[in-house]
Structures are given as structure tokens and as C-alpha cells.
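**Q** If you scroll down you'll find the structure; I have some questions about it.
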Amino acid sequence: MTAPLSLPGPLAAPVNLNHPGHYLHWSVFTISVANLAVIIVMLVIFAAALLVRLPVAPAEEPARHGDKRPPGPERDGPPPRTWTGRLRVLVLRWLPPERLLPETQPSYVASWIYVFGVASLAALGVAIVSGFLIALGGVDWWHTNPAGRFFNSLHLWSVELFMALLVIHLWGKFWMGAWRGGRARTWMTGVLAFLASIGEAFTGYLSQQNLDSQWIATNGKDAFNALGIGAFFNLMAFGQMLLWHVVLLPLVLLGLVGIHVLLVRYRGVVHPYPPRRGRGPLGEPLVGNPPRLTRKQARAADRAEWRGPVRRYDLIREAIAASAVVVALTVALAAILSSPDVRSITIQRWATADPADFVVTAAGELAGTTETATYGPPYNHASGSVQRLGPSWQEMAGVHEPINAANTFVIHPLRAVAGRDPALRSALARWSTASTRQRDAWANSYAKAAAKVRFTSTGSPVVAPGRYGPVPVLMSAELTLARGGGLDASLVAGNGFYGTNFTKPLLFLEDGSYYSNRARAEHLLGDQWGVMNETGSYPGQPWLWLYQLWYHIPGFSTSPNVDLIAVYLTGLATVLLLLIPFIPGLRSIPRLVPLYRLVWRRYYHEAEAAGGGDHPVPSGDGKGTARPEGVARQSSPG
């Protein structure tokens, strides 16, 4: 694993967030000030969107539309006979141009809450463009090149903005009950797009090739291994994660976003909740007294096409304005704060900085006592890290990334360089011909003595006299190989032409103490609120708190199956979020906790002042019917 070079001092940002962060502790949680600041900013923005008045055009009567069919054979002549013509008619009937690119919106669309959808799309666009700019110089030039570093900073902050705006958009739609009126598919595609965004951001973090990405990979692997997919979706194969990030997940995300936007245009934005029980959105009484009939009529009113007051609306101008604001914010944040880049840890760096820990770990690999040696699938047939709740998906998946700790980390790399070293060849031969019992005795004895290892003036390890067989020679050669960078190269060799699978060196690093000590110094350990922490004072992704939450609950936190518990409970919560439109009780929360009154307060005020409006009033059979022509449509000044 090649360590990226850090940019020189003069290229540092005006505000240096690479210094150690500050952390707050409460109960079982620890949260960085940076992540807390992000949460507070998101809540402030959400509150401002609810409370600050949005400047909008005055409400006016909707235009009377006649035949909405587009010009062509379907209007002026017989229906088309070709498949192409029939498809065109079907598409235009489902989504005519005036729906796809409207020039008016219902008058109740008069809150800043409605802005966050297009703002999140603008941030997504900036993230995609900045990703293209990073690709101009390759996947690692931002470690060493000022332009690459700036483009990476643009990418980081555009993603931060995108995720924050997306979460605020989701908050707003939840409290508006946006799934009502046949809009369940709109809600579900939005939630799925949010989940795809999390996966996209996650693989992006893994593709950074710095300390943060290493730590996320080695810790996240346990959950994926417990699910039995760790060998197929390998977080430590950075090349695989990069392709997921730049090819596969963007296609999924853009597809879901596209479907979501089309559904919004097709079905329209959800109608306001009735201001009072038994009333329609404009305060008009619903026909019928039984509660069941009233609910049925309310659902029909939500589903009916809006024919009440409208406001002028310029979608293109709104998109341009949102994009300009997002670009300005992203450029400012990138220029002022830059982006984190604590260089990755290599085995060479480890062996040089803490040779004692390296020797102890290497001896443990020979003895078969390290975490990797006793891990289990997908690396070997041990059971030390096997998790099960009911079936063990980990054992069912089997071994797909075979690792014998002694051979993989010590013996095989040394054999590759033993050609010119007679003493090393002799030591390897003696090791190979010894029995398993004899090897374990040598390695265990040396591992115990290595706790007090000393080093000669030439850097060779020395332990107290004992019966270690060839192990001292092997450890001295292993340390020399590691210090020269040969062990890093050996452990990624054979992984394909590009050599982007860092599973072996990262597992070796994880078995030692140096790696976790460096992560602890950067506050990357799992005691923070949020699954993806960041180095320095940079925020990570605090909106992923739900997954990390389970690791802090007493009983769960000490369970050997904690990763499966976290995955199962987070998955259950996600399914509930996705299926809210169909779950009684949950879908009623927005109506019972009336934050929606802040979203639509201007509309309710105008409707009350106008004394009603031209909204579809359901009949007794629950079908939406328009208000009779004799009832005047009311519009009020904006």
C-alpha cells in the first residue's frame, strides 16, 4: 500500500481543520463538535424553512384547459398504428409537457421546505461534476497536486451539502405526509434514493486511500462478513469500491432520482392536511358524518387533481438559482476549509515507527493467536469472529479469501526473498520440516518473550534467551523486509494487474496495536455518534447515527453478534421508513404532530380569509368531484 504524499504547508486552507478535533461526551455517546455543528446547522435550516416567509407570486385562478392531447395523429386523426406512435401517445398521456415542465404550482406551494428537493438535485450535480474533475488526474493526484486537492475538496463539500439537503428534504416530506393521495411510490423511490446515496457516499469514503478509508474498511468488514457477503463486497478491495462508487451506484442513484422526479411531476405535490377534522384542505365540509366515510373522502380529496388557486412558477429559474447558491457554497467551503487527508498507514511505516509492536504481531501470526488467525470465514475455518443470530450467514458463505496467518504474513513473503540469504533459507527449511506442535511451541515462546524485545544498533530484534528454533532469524528478516517496503508489495502481489486489493496488509495492520493507536489519536474509534467519523475537525456523516446507535446500547455493545444486531435492527427501521404509507399508526404521525401547519400556514390563512376555494369536494361515494360552476373560485393576494 503506497502512502500518499501530503501537500506542503503553503497550500493549506485558510481555516485548518486538520488539527485534533473537540469532542463532547454524554451518557454512552461521544460526538465531535464538527458533527454536532452539522446537525445544528441542519436543524436551523429546517426550522428557518418552516418559519421564514417565502416570497412568491400572488395566487390566481387556474387556467381552463380543454383537450390536453398533444397535436398530431392522436388529436387530428386516427390513432397511430406503429409501436413507436403508440408509445409516444402513452408517454404523453401519462406525462404531458405541461406536467413535466409546469409554469404554475398550487397556491399552497409557498414554503422554503419545497426548495430543498431542487437544491439537493443541484448539489448532486456539483458532486458529479467535481467527481469528473477528480477523474482528470486519476484516483490519487489529489494527495499531491494543488488542483487535485481543490477538486477533491469541491467533491467532499458538495457531497456534504447533498446529504444534508437530502435529509432536510426527507424531514419536510415526512411531516407533510407526502405519501398521501396515491403518492406512495413517490415516497418509496425517494427513500430508496436516500439509501443509494448512503451507499454512494460510503464507497466514496472507502476510495480515498487515506487513514480514514483504511479504518472504515477494516471496521466495516465485520458487518459485511457477518452477512456472508464480505468476500463479494470487500471493503478492503479499494479498486472494487472505487468502481462501485464511480460506475454502479451512480447508475442506480440517478435512475432512482429520475423515477422519483417523474413521479413528482406526474402525481404532483401532496395536498395540505385539512385545517380541521371533517374538513377538506380549504376548510370545506366533507359530505357524510361517519368517521370511516370521512377518512375515505379525505383520501379521495388527496388523490384528486388540484383545481384550486395556483401561483406562477418558473422551474428553470428555480433550478438555476439553487445551482448558483450550491456552487457558491461549495467553492467557498472548499477554498476556506479544504479537505481532510491524513495519509494512510503502511506496513513499512509501522515497522519503522514501532518495530516492537511489529515484531510482537508477526510472532503472533506465526503462533496463530492473532485476530486474523482465529477469525473464521471468509478468511479461514476458525470461529473466533463468527457471528450468528439463528443461521450463520458467515459460515454458510464459506472461505473465499483464504488466509493462513503464518504462511500469508511471514513464511511466503520471506521465501520470495530468501534466495541470497543462506541463514534465512536454512531457517525456513527448519521451520518447514518441523511438526505443527514444534512450530507452535517455538512461536508461542518467542511471542511471550517479544513483549520485552530490544533492538541492536543495527536494528535487529533481540529477546531473552530461550528455545525459539528458527523464529529469531525469521523475525529479523521479516522486520528488515517490512522496513524496506517489500512486505507491503508482497501482500498485494498476485491480486491482479492493478493491485488494489489491500485485504492482506490491512488485516496484518489490524492485528497490531500501532494501527488502532493511530486511529485513536485521530478519534476514529467507534465510540462516536455516527458510523463514519473523520480525521481532525472535519465532520463525517452524522445522519448515519441510526446504525451506530445499536453499538452503544447496554447488552448489545458487549454481544459477540453486535454487528448482526446492528444490521438487523437498522434494516428493520429502514423497511418501516420505506413502508410508512402502508403502516397504520406510523403514517398518522405527521397528522398527530402538526408541524405541517408551519409548512402551509400561509395557505391556511389565505384560504380562511378567502372563505373557501375551488378544491375537489368528494361525494358520498368517495370519488373526487369538482366544485359546481356556480360556486365562485376564490383567490387571495400573495
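Chain labels run A, B, ... following the order of the C-alpha cells; each chain numbers its residues from 1, and ligands are numbered from 1 in the order shown.
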Leaving out range 362-376 of chain A and any residue of its chain fewer than 5 positions from it, which residues lie within 7 Å of it when counting only C-alpha atoms, given as a list in words?
**A**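 Using only C-alpha atoms, the neighbours found are His381, Ala382, Ser383, Gly384, Ser385, Val386, Asn404, Ala405, Ala406, Asp440, Ala443, Asn444, Tyr446, Ala447, Leu507 and Asp511 of chain A.
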**Q** Assign secondary structure with DSSP using the backbone only, and return the residues of range 118-351 of chain A in helix (DSSP H, G or I) as a PyMOL selection string.
**A** chain A and resi 118-135+141-143+146-175+184-206+211-226+238-267+291-303+315-337+347-351
